[in-house]
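Data file: data.txt. Format and content: compact mmCIF, C-alpha atoms.
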# COMPACT_ATOMS: atom_id res chain seq x y z
CA ARG A 1 -25.00 -19.09 -26.66
CA GLY A 2 -23.11 -16.13 -25.20
CA VAL A 3 -19.49 -15.10 -25.59
CA ASN A 4 -18.62 -15.91 -22.03
CA THR A 5 -20.18 -19.35 -21.91
CA PHE A 6 -18.20 -22.54 -22.21
CA SER A 7 -18.03 -24.64 -25.38
CA PRO A 8 -18.89 -28.34 -25.02
CA GLU A 9 -15.16 -29.11 -24.81
CA GLY A 10 -14.80 -26.65 -21.92
CA ARG A 11 -13.18 -23.79 -23.85
CA LEU A 12 -13.83 -20.05 -23.85
CA PHE A 13 -13.48 -19.23 -27.53
CA GLN A 14 -13.39 -15.45 -27.19
CA VAL A 15 -10.46 -15.66 -24.80
CA GLU A 16 -8.63 -18.09 -27.09
CA TYR A 17 -9.21 -15.86 -30.11
CA ALA A 18 -7.86 -12.90 -28.14
CA ILE A 19 -4.66 -14.84 -27.41
CA GLU A 20 -4.39 -15.55 -31.15
CA ALA A 21 -4.54 -11.81 -31.87
CA ILE A 22 -1.32 -11.33 -29.90
CA LYS A 23 0.57 -13.73 -32.19
CA PHE A 24 0.55 -10.98 -34.82
CA GLY A 25 1.63 -8.25 -32.41
CA THR A 26 5.09 -6.69 -32.30
CA THR A 27 7.65 -8.52 -30.21
CA ALA A 28 8.34 -7.36 -26.66
CA ILE A 29 10.98 -8.88 -24.37
CA GLY A 30 11.63 -8.55 -20.65
CA ILE A 31 14.57 -9.86 -18.59
CA MET A 32 14.86 -9.68 -14.80
CA THR A 33 18.27 -9.44 -13.11
CA PRO A 34 19.21 -8.88 -9.46
CA GLU A 35 20.14 -5.29 -10.43
CA GLY A 36 16.84 -4.53 -12.15
CA VAL A 37 14.51 -5.40 -15.02
CA VAL A 38 14.87 -4.43 -18.70
CA LEU A 39 12.06 -4.17 -21.28
CA ALA A 40 12.46 -3.77 -25.03
CA THR A 41 9.95 -3.68 -27.90
CA GLU A 42 10.11 -3.38 -31.69
CA LYS A 43 8.17 -0.43 -32.99
CA ARG A 44 7.49 -1.86 -36.51
CA ILE A 45 7.36 1.45 -38.39
CA THR A 46 5.36 0.67 -41.55
CA SER A 47 6.02 3.93 -43.40
CA VAL A 48 8.87 6.46 -43.55
CA LEU A 49 6.27 9.17 -43.04
CA ILE A 50 5.44 7.93 -39.53
CA GLU A 51 6.90 9.96 -36.64
CA PRO A 52 8.67 7.18 -34.64
CA ARG A 53 8.32 9.01 -31.32
CA SER A 54 4.56 8.75 -31.54
CA ILE A 55 4.66 4.95 -31.34
CA GLU A 56 4.66 4.17 -27.61
CA LYS A 57 4.76 0.52 -26.58
CA ILE A 58 6.58 0.84 -23.25
CA VAL A 59 4.91 3.09 -20.70
CA GLU A 60 5.38 4.12 -17.10
CA VAL A 61 2.77 2.86 -14.65
CA ASP A 62 4.33 4.39 -11.53
CA ALA A 63 7.77 5.63 -10.57
CA HIS A 64 8.76 2.06 -9.71
CA CYS A 65 6.91 0.17 -12.47
CA GLY A 66 6.86 0.09 -16.27
CA CYS A 67 4.86 -1.94 -18.80
CA ALA A 68 5.49 -3.26 -22.32
CA MET A 69 2.64 -4.33 -24.58
CA SER A 70 2.00 -6.53 -27.62
CA GLY A 71 -1.17 -7.02 -29.64
CA LEU A 72 -4.05 -4.56 -30.06
CA ILE A 73 -2.21 -1.53 -28.69
CA ALA A 74 -5.37 0.56 -28.40
CA ASP A 75 -6.82 -2.03 -26.00
CA ALA A 76 -3.80 -1.59 -23.76
CA LYS A 77 -4.64 2.07 -23.03
CA THR A 78 -7.59 1.06 -20.84
CA LEU A 79 -5.53 -1.52 -18.94
CA ILE A 80 -2.59 0.83 -18.41
CA ASP A 81 -4.93 3.52 -17.16
CA LYS A 82 -6.41 1.05 -14.67
CA ALA A 83 -2.92 0.08 -13.49
CA ARG A 84 -1.91 3.73 -13.02
CA VAL A 85 -5.09 4.63 -11.13
CA GLU A 86 -4.80 1.59 -8.85
CA ALA A 87 -1.17 2.38 -8.06
CA GLN A 88 -2.00 5.99 -7.21
CA ASN A 89 -5.07 4.99 -5.16
CA HIS A 90 -2.89 2.68 -3.14
CA TRP A 91 -0.32 5.41 -2.57
CA PHE A 92 -3.07 7.83 -1.57
CA THR A 93 -4.62 5.45 0.93
CA HIS A 94 -1.50 3.78 2.28
CA ASN A 95 1.39 6.15 1.56
CA GLU A 96 3.42 3.26 0.16
CA ARG A 97 4.29 1.83 -3.27
CA MET A 98 2.00 -0.90 -4.53
CA THR A 99 3.83 -4.19 -5.12
CA ILE A 100 4.25 -5.22 -8.76
CA GLU A 101 2.17 -8.34 -8.21
CA SER A 102 -0.66 -6.28 -6.72
CA ILE A 103 -0.60 -3.88 -9.68
CA THR A 104 -0.71 -6.81 -12.12
CA GLN A 105 -3.51 -8.47 -10.17
CA SER A 106 -5.63 -5.32 -10.14
CA VAL A 107 -5.41 -5.13 -13.94
CA SER A 108 -6.15 -8.85 -14.39
CA ASN A 109 -9.56 -8.30 -12.77
CA MET A 110 -10.67 -6.52 -15.96
CA ALA A 111 -9.75 -9.40 -18.29
CA LEU A 112 -12.85 -11.55 -18.01
CA ALA A 113 -15.32 -8.72 -17.40
CA PHE A 114 -16.82 -8.88 -20.89
CA SER A 115 -20.30 -9.84 -22.08
CA ASP A 116 -22.54 -9.55 -25.13
CA ASP A 117 -25.68 -9.65 -22.97
CA SER A 118 -27.18 -6.16 -22.61
CA ASP A 119 -28.69 -7.19 -19.25
CA GLU A 120 -25.23 -7.78 -17.79
CA VAL A 121 -23.38 -4.97 -16.05
CA ALA A 122 -20.28 -5.66 -18.18
CA PRO A 123 -18.25 -2.69 -19.42
CA ILE A 124 -16.85 -4.33 -22.60
CA SER A 125 -18.17 -6.63 -25.32
CA ARG A 126 -14.97 -8.57 -25.97
CA PRO A 127 -11.74 -9.50 -24.17
CA PHE A 128 -8.65 -7.25 -24.39
CA GLY A 129 -6.52 -8.34 -27.35
CA VAL A 130 -3.20 -7.45 -25.73
CA ALA A 131 -0.55 -9.10 -23.57
CA LEU A 132 1.39 -7.04 -21.04
CA LEU A 133 4.79 -7.37 -19.38
CA PHE A 134 4.89 -5.52 -16.05
CA ALA A 135 8.44 -4.75 -14.89
CA GLY A 136 9.10 -3.17 -11.54
CA TRP A 137 11.07 -2.86 -8.33
CA ASP A 138 9.24 -3.15 -4.99
CA GLU A 139 10.15 -3.98 -1.40
CA ASN A 140 10.89 -7.58 -2.47
CA GLY A 141 13.28 -6.51 -5.23
CA PRO A 142 12.90 -6.80 -9.03
CA HIS A 143 9.88 -8.46 -10.65
CA LEU A 144 8.67 -9.29 -14.16
CA PHE A 145 5.02 -10.31 -14.60
CA HIS A 146 3.29 -11.50 -17.78
CA LEU A 147 -0.46 -10.86 -18.16
CA ASP A 148 -2.53 -12.38 -20.98
CA PRO A 149 -6.14 -11.89 -22.15
CA SER A 150 -7.41 -14.70 -19.97
CA GLY A 151 -6.44 -12.68 -16.91
CA THR A 152 -3.78 -15.20 -15.92
CA TYR A 153 -0.63 -13.57 -14.64
CA THR A 154 2.68 -15.34 -14.03
CA GLU A 155 6.01 -14.13 -12.74
CA TYR A 156 8.94 -14.77 -15.08
CA ASP A 157 12.72 -14.39 -14.97
CA ALA A 158 12.59 -13.63 -18.69
CA LYS A 159 9.73 -13.57 -21.21
CA ALA A 160 8.96 -12.60 -24.78
CA ILE A 161 5.52 -11.82 -26.23
CA GLY A 162 4.26 -11.13 -29.76
CA SER A 163 5.11 -12.46 -33.20
CA GLY A 164 8.74 -13.33 -32.45
CA SER A 165 8.02 -14.78 -29.00
CA GLU A 166 8.56 -18.44 -29.83
CA GLY A 167 12.10 -17.98 -31.10
CA ALA A 168 12.86 -15.30 -28.53
CA ASP A 169 11.63 -17.44 -25.59
CA GLN A 170 13.88 -20.27 -26.77
CA THR A 171 16.94 -18.00 -26.94
CA LEU A 172 16.10 -16.53 -23.53
CA GLN A 173 16.14 -20.02 -22.04
CA ASP A 174 19.62 -20.57 -23.49
CA VAL A 175 21.23 -17.28 -22.39
CA TYR A 176 19.48 -16.52 -19.08
CA HIS A 177 21.32 -17.01 -15.79
CA LYS A 178 20.37 -15.70 -12.36
CA SER A 179 23.45 -13.56 -11.79
CA MET A 180 23.19 -11.58 -15.02
CA LYS A 181 24.16 -7.90 -14.86
CA LEU A 182 21.56 -5.35 -16.01
CA SER A 183 23.92 -4.05 -18.71
CA GLU A 184 24.35 -7.62 -19.97
CA ALA A 185 20.57 -8.06 -20.06
CA CYS A 186 20.19 -4.84 -22.04
CA LYS A 187 22.52 -6.22 -24.70
CA HIS A 188 20.69 -9.56 -24.76
CA VAL A 189 17.22 -8.05 -25.32
CA LEU A 190 18.46 -6.06 -28.30
CA THR A 191 20.38 -9.02 -29.72
CA ILE A 192 17.30 -11.21 -29.51
CA LEU A 193 15.04 -8.49 -30.95
CA LYS A 194 17.49 -8.15 -33.83
CA GLN A 195 17.14 -11.89 -34.55
CA VAL A 196 13.33 -11.85 -34.67
CA MET A 197 12.71 -8.42 -36.25
CA GLU A 198 12.05 -8.20 -39.98
CA GLU A 199 13.52 -4.70 -40.36
CA LYS A 200 17.13 -3.97 -39.53
CA LEU A 201 17.36 -2.95 -35.85
CA ASN A 202 18.34 0.66 -35.10
CA ALA A 203 17.84 3.14 -32.26
CA THR A 204 14.64 4.61 -33.75
CA ASN A 205 12.69 1.43 -34.49
CA VAL A 206 12.97 -0.05 -30.97
CA GLU A 207 12.06 1.13 -27.47
CA MET A 208 13.87 0.25 -24.25
CA ALA A 209 13.40 0.89 -20.56
CA THR A 210 14.80 -0.33 -17.27
CA VAL A 211 13.43 -0.43 -13.73
CA ASP A 212 15.95 -0.65 -10.90
CA ALA A 213 16.10 0.44 -7.26
CA LYS A 214 16.09 4.07 -8.44
CA GLY A 215 12.95 3.55 -10.52
CA TYR A 216 11.63 3.41 -14.08
CA ARG A 217 13.64 4.99 -16.87
CA LEU A 218 12.92 5.09 -20.60
CA PHE A 219 16.09 5.03 -22.73
CA LYS A 220 16.93 7.92 -25.02
CA LYS A 221 17.86 7.31 -28.65
CA GLU A 222 21.55 7.96 -27.88
CA GLU A 223 21.62 5.36 -25.11
CA ILE A 224 20.13 2.71 -27.38
CA ASP A 225 22.69 3.67 -30.07
CA ASP A 226 25.51 3.09 -27.55
CA ILE A 227 24.29 -0.41 -26.77
CA ILE A 228 23.86 -1.28 -30.46
CA LYS A 229 27.42 -0.13 -31.15
CA ASN A 230 28.76 -2.51 -28.51
CA MET A 231 26.81 -5.47 -29.82
CA MET B 1 -37.01 30.84 22.02
CA VAL B 2 -34.23 28.47 21.07
CA LYS B 3 -35.23 24.89 21.80
CA GLN B 4 -32.65 22.50 23.23
CA HIS B 5 -31.91 19.42 21.09
CA GLY B 6 -33.72 16.37 22.43
CA TRP B 7 -31.23 13.98 20.85
CA TYR B 8 -27.57 14.41 20.09
CA PRO B 9 -25.66 11.86 17.99
CA TYR B 10 -22.53 11.90 20.13
CA GLU B 11 -21.58 11.25 23.77
CA PHE B 12 -18.39 12.30 25.40
CA GLN B 13 -17.17 9.30 27.35
CA SER B 14 -13.95 9.75 29.24
CA GLY B 15 -10.73 7.84 28.90
CA THR B 16 -7.14 8.99 28.74
CA THR B 17 -4.50 7.41 26.55
CA VAL B 18 -0.75 7.87 26.30
CA ALA B 19 1.72 6.52 23.74
CA VAL B 20 5.51 6.87 23.64
CA ALA B 21 7.74 5.70 20.78
CA GLY B 22 11.22 4.34 21.43
CA ASP B 23 14.09 3.23 19.20
CA ASP B 24 12.89 -0.35 19.12
CA TYR B 25 9.73 -0.32 21.22
CA VAL B 26 6.46 1.44 21.77
CA VAL B 27 4.75 1.87 25.16
CA VAL B 28 1.02 2.64 25.28
CA ALA B 29 -1.24 3.18 28.27
CA SER B 30 -4.89 3.75 29.00
CA ASP B 31 -6.96 4.21 32.12
CA THR B 32 -9.88 1.82 32.54
CA ARG B 33 -12.62 4.17 33.71
CA LEU B 34 -15.55 4.84 31.38
CA THR B 35 -17.84 7.69 32.40
CA GLU B 36 -20.81 9.67 31.14
CA ASN B 37 -21.10 13.07 32.86
CA TYR B 38 -20.67 12.19 36.56
CA SER B 39 -21.72 8.55 36.27
CA ILE B 40 -19.29 5.69 36.01
CA GLN B 41 -20.26 3.25 33.26
CA SER B 42 -17.35 0.86 33.71
CA ARG B 43 -14.22 0.52 35.84
CA THR B 44 -12.65 -2.10 33.56
CA HIS B 45 -12.84 -0.60 30.06
CA SER B 46 -9.47 -0.17 28.38
CA ASN B 47 -9.12 2.20 25.43
CA VAL B 48 -6.36 0.12 23.83
CA TYR B 49 -7.33 -2.18 20.97
CA LYS B 50 -5.03 -4.75 19.46
CA MET B 51 -5.16 -4.81 15.67
CA HIS B 52 -4.56 -7.85 13.49
CA ASN B 53 -1.21 -6.56 12.23
CA ASN B 54 0.25 -6.13 15.75
CA SER B 55 -0.43 -2.41 15.85
CA LEU B 56 -2.10 -0.95 18.92
CA LEU B 57 -5.02 1.42 18.39
CA LEU B 58 -5.80 3.92 21.16
CA SER B 59 -9.14 5.64 20.85
CA THR B 60 -11.23 7.79 23.19
CA GLY B 61 -14.30 9.98 22.75
CA PHE B 62 -17.63 8.52 21.77
CA LEU B 63 -17.51 4.77 22.40
CA GLY B 64 -19.98 3.99 19.60
CA ASP B 65 -17.68 5.59 17.04
CA VAL B 66 -14.56 4.12 18.67
CA LEU B 67 -15.89 0.59 18.32
CA THR B 68 -17.23 1.14 14.80
CA LEU B 69 -13.94 2.65 13.64
CA LYS B 70 -12.11 -0.31 15.12
CA LYS B 71 -14.45 -2.80 13.43
CA THR B 72 -14.17 -1.10 10.06
CA LEU B 73 -10.39 -1.00 10.37
CA ASP B 74 -10.30 -4.70 11.25
CA GLY B 75 -12.11 -5.48 8.01
CA ARG B 76 -9.92 -3.19 5.94
CA ILE B 77 -6.74 -4.65 7.49
CA LYS B 78 -7.81 -8.20 6.62
CA THR B 79 -8.73 -7.13 3.07
CA TYR B 80 -5.30 -5.58 2.68
CA GLU B 81 -3.63 -8.76 3.88
CA TYR B 82 -5.60 -10.97 1.52
CA THR B 83 -5.16 -8.63 -1.48
CA HIS B 84 -1.46 -7.90 -1.07
CA ASN B 85 -0.28 -11.11 0.60
CA LYS B 86 1.45 -9.31 3.44
CA PRO B 87 0.47 -7.69 6.75
CA ILE B 88 -0.20 -3.95 6.58
CA SER B 89 2.63 -1.86 7.99
CA THR B 90 1.82 0.69 10.69
CA PRO B 91 2.65 3.72 8.47
CA ALA B 92 0.39 2.36 5.71
CA LEU B 93 -2.36 1.75 8.27
CA ALA B 94 -1.97 5.29 9.59
CA GLN B 95 -2.47 6.78 6.14
CA MET B 96 -5.49 4.58 5.62
CA ILE B 97 -7.03 5.74 8.92
CA SER B 98 -6.51 9.35 7.84
CA ILE B 99 -8.27 8.80 4.51
CA MET B 100 -11.10 6.84 6.12
CA MET B 101 -11.75 9.44 8.80
CA TYR B 102 -11.77 12.31 6.31
CA GLY B 103 -14.31 10.32 4.31
CA ARG B 104 -16.66 11.14 7.18
CA ARG B 105 -15.75 14.84 7.13
CA PHE B 106 -19.40 15.87 7.36
CA PHE B 107 -20.44 13.43 10.11
CA PRO B 108 -17.16 12.67 11.84
CA TYR B 109 -16.02 9.75 13.93
CA TYR B 110 -16.09 11.48 17.30
CA THR B 111 -12.82 9.89 18.39
CA ASN B 112 -9.36 10.98 19.38
CA THR B 113 -7.29 8.26 17.79
CA ILE B 114 -3.69 7.21 18.07
CA ILE B 115 -2.19 4.28 16.15
CA THR B 116 1.12 2.84 17.32
CA GLY B 117 3.42 0.10 16.19
CA LEU B 118 6.84 -0.73 14.85
CA ASP B 119 7.64 0.60 11.39
CA THR B 120 9.28 -1.38 8.60
CA ASP B 121 12.73 -0.77 10.16
CA GLY B 122 11.60 -2.00 13.60
CA LYS B 123 11.55 1.51 15.07
CA GLY B 124 8.67 2.54 17.32
CA CYS B 125 6.16 4.91 15.69
CA VAL B 126 3.19 6.88 17.00
CA TYR B 127 0.63 8.57 14.74
CA GLY B 128 -2.04 10.92 16.17
CA PHE B 129 -5.31 11.91 14.45
CA ASP B 130 -7.98 14.50 15.05
CA PRO B 131 -11.64 13.54 14.60
CA VAL B 132 -11.48 14.19 10.84
CA GLY B 133 -8.25 12.33 10.21
CA SER B 134 -5.57 15.01 10.32
CA MET B 135 -2.49 12.85 10.84
CA THR B 136 0.86 13.67 12.42
CA GLN B 137 3.71 11.36 13.30
CA GLN B 138 4.81 12.10 16.83
CA LEU B 139 7.42 10.98 19.33
CA TYR B 140 4.72 10.71 22.01
CA ALA B 141 1.01 11.40 22.19
CA CYS B 142 -1.70 11.86 24.79
CA GLU B 143 -5.45 12.07 24.19
CA GLY B 144 -8.61 12.08 26.25
CA SER B 145 -10.18 13.74 29.26
CA ALA B 146 -7.01 14.13 31.36
CA MET B 147 -4.87 15.19 28.39
CA PRO B 148 -4.50 18.80 29.66
CA LEU B 149 -3.04 17.44 32.90
CA ILE B 150 -0.75 14.81 31.41
CA LEU B 151 0.54 16.25 28.14
CA PRO B 152 2.59 19.08 29.71
CA ILE B 153 4.27 16.52 31.99
CA LEU B 154 5.19 14.37 28.98
CA ASP B 155 6.56 17.48 27.23
CA ALA B 156 8.77 18.20 30.25
CA ASN B 157 9.87 14.63 30.95
CA ILE B 158 10.51 13.43 27.39
CA LEU B 159 11.75 16.55 25.60
CA GLY B 160 12.68 18.74 28.55
CA LYS B 161 10.39 21.43 27.19
CA ASN B 162 9.71 24.48 29.37
CA THR B 163 12.14 23.23 31.99
CA SER B 164 15.51 24.42 33.19
CA LYS B 165 17.08 21.47 31.34
CA PRO B 166 15.85 21.40 27.73
CA GLY B 167 16.69 18.48 25.46
CA GLN B 168 15.43 14.96 24.87
CA VAL B 169 15.86 12.41 27.63
CA LYS B 170 16.18 8.88 26.24
CA ARG B 171 14.67 6.12 28.32
CA THR B 172 14.59 2.34 28.19
CA LYS B 173 11.20 0.75 27.87
CA GLU B 174 11.18 -0.13 31.57
CA GLU B 175 11.91 3.48 32.52
CA THR B 176 9.18 4.68 30.16
CA VAL B 177 6.64 2.30 31.75
CA LYS B 178 7.55 3.57 35.21
CA MET B 179 7.28 7.20 34.11
CA ILE B 180 3.83 6.61 32.63
CA LYS B 181 2.51 4.83 35.73
CA ASP B 182 3.76 7.68 37.93
CA ILE B 183 2.12 10.26 35.67
CA TYR B 184 -1.26 8.46 35.74
CA MET B 185 -1.10 8.17 39.54
CA ALA B 186 -0.44 11.88 39.86
CA ALA B 187 -3.13 12.89 37.34
CA CYS B 188 -5.87 10.74 38.84
CA GLU B 189 -5.63 12.67 42.12
CA ARG B 190 -6.89 15.78 40.35
CA SER B 191 -9.37 14.39 37.84
CA VAL B 192 -12.73 12.79 38.57
CA GLU B 193 -12.73 11.11 35.17
CA LEU B 194 -9.41 9.32 35.65
CA GLY B 195 -9.01 6.33 37.96
CA ASP B 196 -9.65 2.64 38.65
CA ALA B 197 -6.59 1.25 36.84
CA VAL B 198 -4.00 2.00 34.18
CA VAL B 199 -3.17 -0.69 31.61
CA VAL B 200 0.32 -0.39 30.14
CA HIS B 201 1.34 -2.36 27.03
CA THR B 202 4.90 -2.58 25.70
CA LEU B 203 5.35 -3.67 22.07
CA THR B 204 8.70 -5.03 20.92
CA LYS B 205 9.70 -7.16 17.95
CA GLU B 206 11.11 -10.01 20.06
CA LYS B 207 8.48 -10.29 22.77
CA GLY B 208 5.39 -8.89 21.05
CA ILE B 209 2.95 -7.24 23.45
CA GLU B 210 3.64 -7.36 27.21
CA THR B 211 0.85 -6.08 29.45
CA ASP B 212 0.92 -4.63 32.93
CA VAL B 213 -2.13 -3.47 34.95
CA HIS B 214 -1.59 -1.01 37.76
CA PRO B 215 -4.48 -0.10 40.09
CA LEU B 216 -5.45 3.56 40.63
CA ARG B 217 -7.77 5.34 43.07
CA LYS B 218 -11.40 4.39 42.74
CA ASP B 219 -12.83 7.77 43.78

Could I get this file's structure written as structure tokens?
Amino acid sequence: RGVNTFSPEGRLFQVEYAIEAIKFGTTAIGIMTPEGVVLATEKRITSVLIEPRSIEKIVEVDAHCGCAMSGLIADAKTLIDKARVEAQNHWFTHNERMTIESITQSVSNMALAFSDDSDEVAPISRPFGVALLFAGWDENGPHLFHLDPSGTYTEYDAKAIGSGSEGADQTLQDVYHKSMKLSEACKHVLTILKQVMEEKLNATNVEMATVDAKGYRLFKKEEIDDIIKNM
Amino acid sequence: MVKQHGWYPYEFQSGTTVAVAGDDYVVVASDTRLTENYSIQSRTHSNVYKMHNNSLLLSTGFLGDVLTLKKTLDGRIKTYEYTHNKPISTPALAQMISIMMYGRRFFPYYTNTIITGLDTDGKGCVYGFDPVGSMTQQLYACEGSAMPLILPILDANILGKNTSKPGQVKRTKEETVKMIKDIYMAACERSVELGDAVVVHTLTKEKGIETDVHPLRKD
């Protein structure tokens, strides 16, 4: 019985176990507004000796696309690299920005390419234990896509992933409305993170980024401080 | 003694193409004579190929490579549409052609290619390529056997170059079609490789592709 064969009840256990791994990951939240998309993550700094800047859970994929992650962060490096290479390949061949859905789809192709059979031409022995939120701005406006270890990707108006996702998703449903301003959304992500985080929220133990028509931008510590002050 | 090659992978088969970009249209033209040395292989072969995304590909040179390039592009255009859920824009297609042709840098597609269409703002665009994919966006282009006869006339008529009245002359699509027909009629008097007919296509957003065939001398 191999890892990518079905169980009698029609389940793929490895994929389900990978989704379980994300339930212990740090919380990440994304909200899409007509003005742009905001991403925020908790860093969960476990020791005062850790250099907070070295913990990177929101990364740039291309000038018009960013990505937040939750789960086995090391697994995400491979996926992010794939996303970056695909986006640049597309620009090289077509001289245009790749749409956010296309970027997400190109990464999802890696999700089920695992096998424990040495005869198979599979690159990895287990699924990726990480969920990703792709936020970007393409020719069709702002987009937020969620990608999970099964390779399923869905577009969301607002989504939370990680340990605090259940509570956060519920709050997002209550506060979200389609005409939200980006500045409003920035306040909401931090407010919700504050509710689900164990440590007290401050500008050094969270990360934030926005993607609007001008592109991806990671917030500086001072900018996050400003938003916290106005909360 | 140097021995002559018994087999050469390329042929030079004639054909002359012209493309002119306008503010909201593109006019392309091709003669319909296909030759090999002094033989006529066809009097009804147009060098204009309609692509799946409503771009018009103009390609002359070696017919084997012209047709293979077109076929490969057809496949790539469909793949793009299925992968990205939208038709490929002409500028994106142009870049792709450039990359594809350079991929054969050491055994080139022996073609003089032009791709034309309407860009994402609805403006006419013309991209010219050399046989290894060097791409330039141009206001007008001319390739093929009668290019040395026709290109200077386009320079003078469209941009007023080397004339007593320099400066661009804007034309409607109807005026552009008439100018191109007149130019082909003049050029075919002086070239053995040009003749039989000129096919003129006008591409606009509203009406798509409108085609006009104008006969030329058969000698």

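Counting all atoms listed in the file and comparing A:Ala185, A:Ile192, A:Ile45, A:Ala160, the residue that lies closest to Met69 (chain A) is A:Ala160.
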
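Near region 83-97 of chain B, within 8 Å and counting all atoms listed in the file, sit Phe92, Thr93, His94, Asn95, Glu96, Thr99 and Ser102 of chain A; Asn53, Ser55, Leu73, Ile77, Ile115, Thr116, Gly117, Leu118, Asp119, Thr120, Cys125, Tyr127, Gly133 and Met135 of chain B; same-chain residues fewer than 6 positions away were not included.
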
Export, as an mmCIF file, keeping the file's coordinate frame, the selected residues with C-alpha atoms.
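After the write, again-v9.cif holds the following:
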data_model
loop_
_atom_site.group_PDB
_atom_site.id
_atom_site.type_symbol
_atom_site.label_atom_id
_atom_site.label_comp_id
_atom_site.auth_asym_id
_atom_site.auth_seq_id
_atom_site.Cartn_x
_atom_site.Cartn_y
_atom_site.Cartn_z
ATOM 1 C CA PHE A 92 -3.070 7.830 -1.570
ATOM 2 C CA THR A 93 -4.620 5.450 0.930
ATOM 3 C CA HIS A 94 -1.500 3.780 2.280
ATOM 4 C CA ASN A 95 1.390 6.150 1.560
ATOM 5 C CA GLU A 96 3.420 3.260 0.160
ATOM 6 C CA THR A 99 3.830 -4.190 -5.120
ATOM 7 C CA SER A 102 -0.660 -6.280 -6.720
ATOM 8 C CA ASN B 53 -1.210 -6.560 12.230
ATOM 9 C CA SER B 55 -0.430 -2.410 15.850
ATOM 10 C CA LEU B 73 -10.390 -1.000 10.370
ATOM 11 C CA ILE B 77 -6.740 -4.650 7.490
ATOM 12 C CA ILE B 115 -2.190 4.280 16.150
ATOM 13 C CA THR B 116 1.120 2.840 17.320
ATOM 14 C CA GLY B 117 3.420 0.100 16.190
ATOM 15 C CA LEU B 118 6.840 -0.730 14.850
ATOM 16 C CA ASP B 119 7.640 0.600 11.390
ATOM 17 C CA THR B 120 9.280 -1.380 8.600
ATOM 18 C CA CYS B 125 6.160 4.910 15.690
ATOM 19 C CA TYR B 127 0.630 8.570 14.740
ATOM 20 C CA GLY B 133 -8.250 12.330 10.210
ATOM 21 C CA MET B 135 -2.490 12.850 10.840
#

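If only C-alpha atoms are the atoms counted, then among B:Ile153, B:Leu203, B:Val28, B:Leu159 the closest residue to Ala186 (chain B) is B:Ile153.
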
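Residues surrounding Glu35 (chain A) within 8 Å are Pro142, Lys181, Leu182, Asp212 and Ala213 of chain A [only C-alpha atoms; sequence separation below 5 positions excluded].
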
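Among the candidates B:Leu34, B:Ala29, B:Leu154, B:Ala19, the residue lying nearest to Val213 (chain B) is B:Ala29 (atoms considered: all atoms listed in the file).
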
Shell around Ala76 (chain A) at 9 Å using all atoms listed in the file, local window under 2 positions removed, as a list in words = Met69, Ser70, Gly71, Leu72, Ile73, Ala74, Thr78, Leu79, Ile80, Asp81, Phe128, Gly129, Val130, Ala131 and Leu132 of chain A

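You will find CA of Tyr176 (chain A) at 25.1 Å from CA of Glu199 (chain A).
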
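Here CA of Glu86 (chain A) stands at a distance of 8.4 Å from CA of Met98 (chain A).
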
remark   = One residue among B:Arg105, B:Lys173, B:Lys161, B:Arg217 is nearest to Ala187 (chain B) when using all atoms listed in the file, and that residue is B:Arg217

key: Non-local contacts of Arg190 (chain B) (12 Å; all atoms listed in the file; under 6 positions in same chain excluded) as a PyMOL selection string   = chain B and resi 145-146+148-150+183-184+217+219

request  = Write out as a list in words which residues come within 9 Å of region 171-173 of chain A when counting only C-alpha atoms, dropping same-chain ones fewer than 2 positions away.
outcome  = Ile31, Ala158, Lys159, Ala160, Glu166, Gly167, Ala168, Asp169, Val175, Tyr176, His177, His188, Val189 and Ile192 of chain A

key: Computed interatomic separation between CA of Lys187 (chain A) and CA of Gly36 (chain A) (Å)   = 13.9 Å
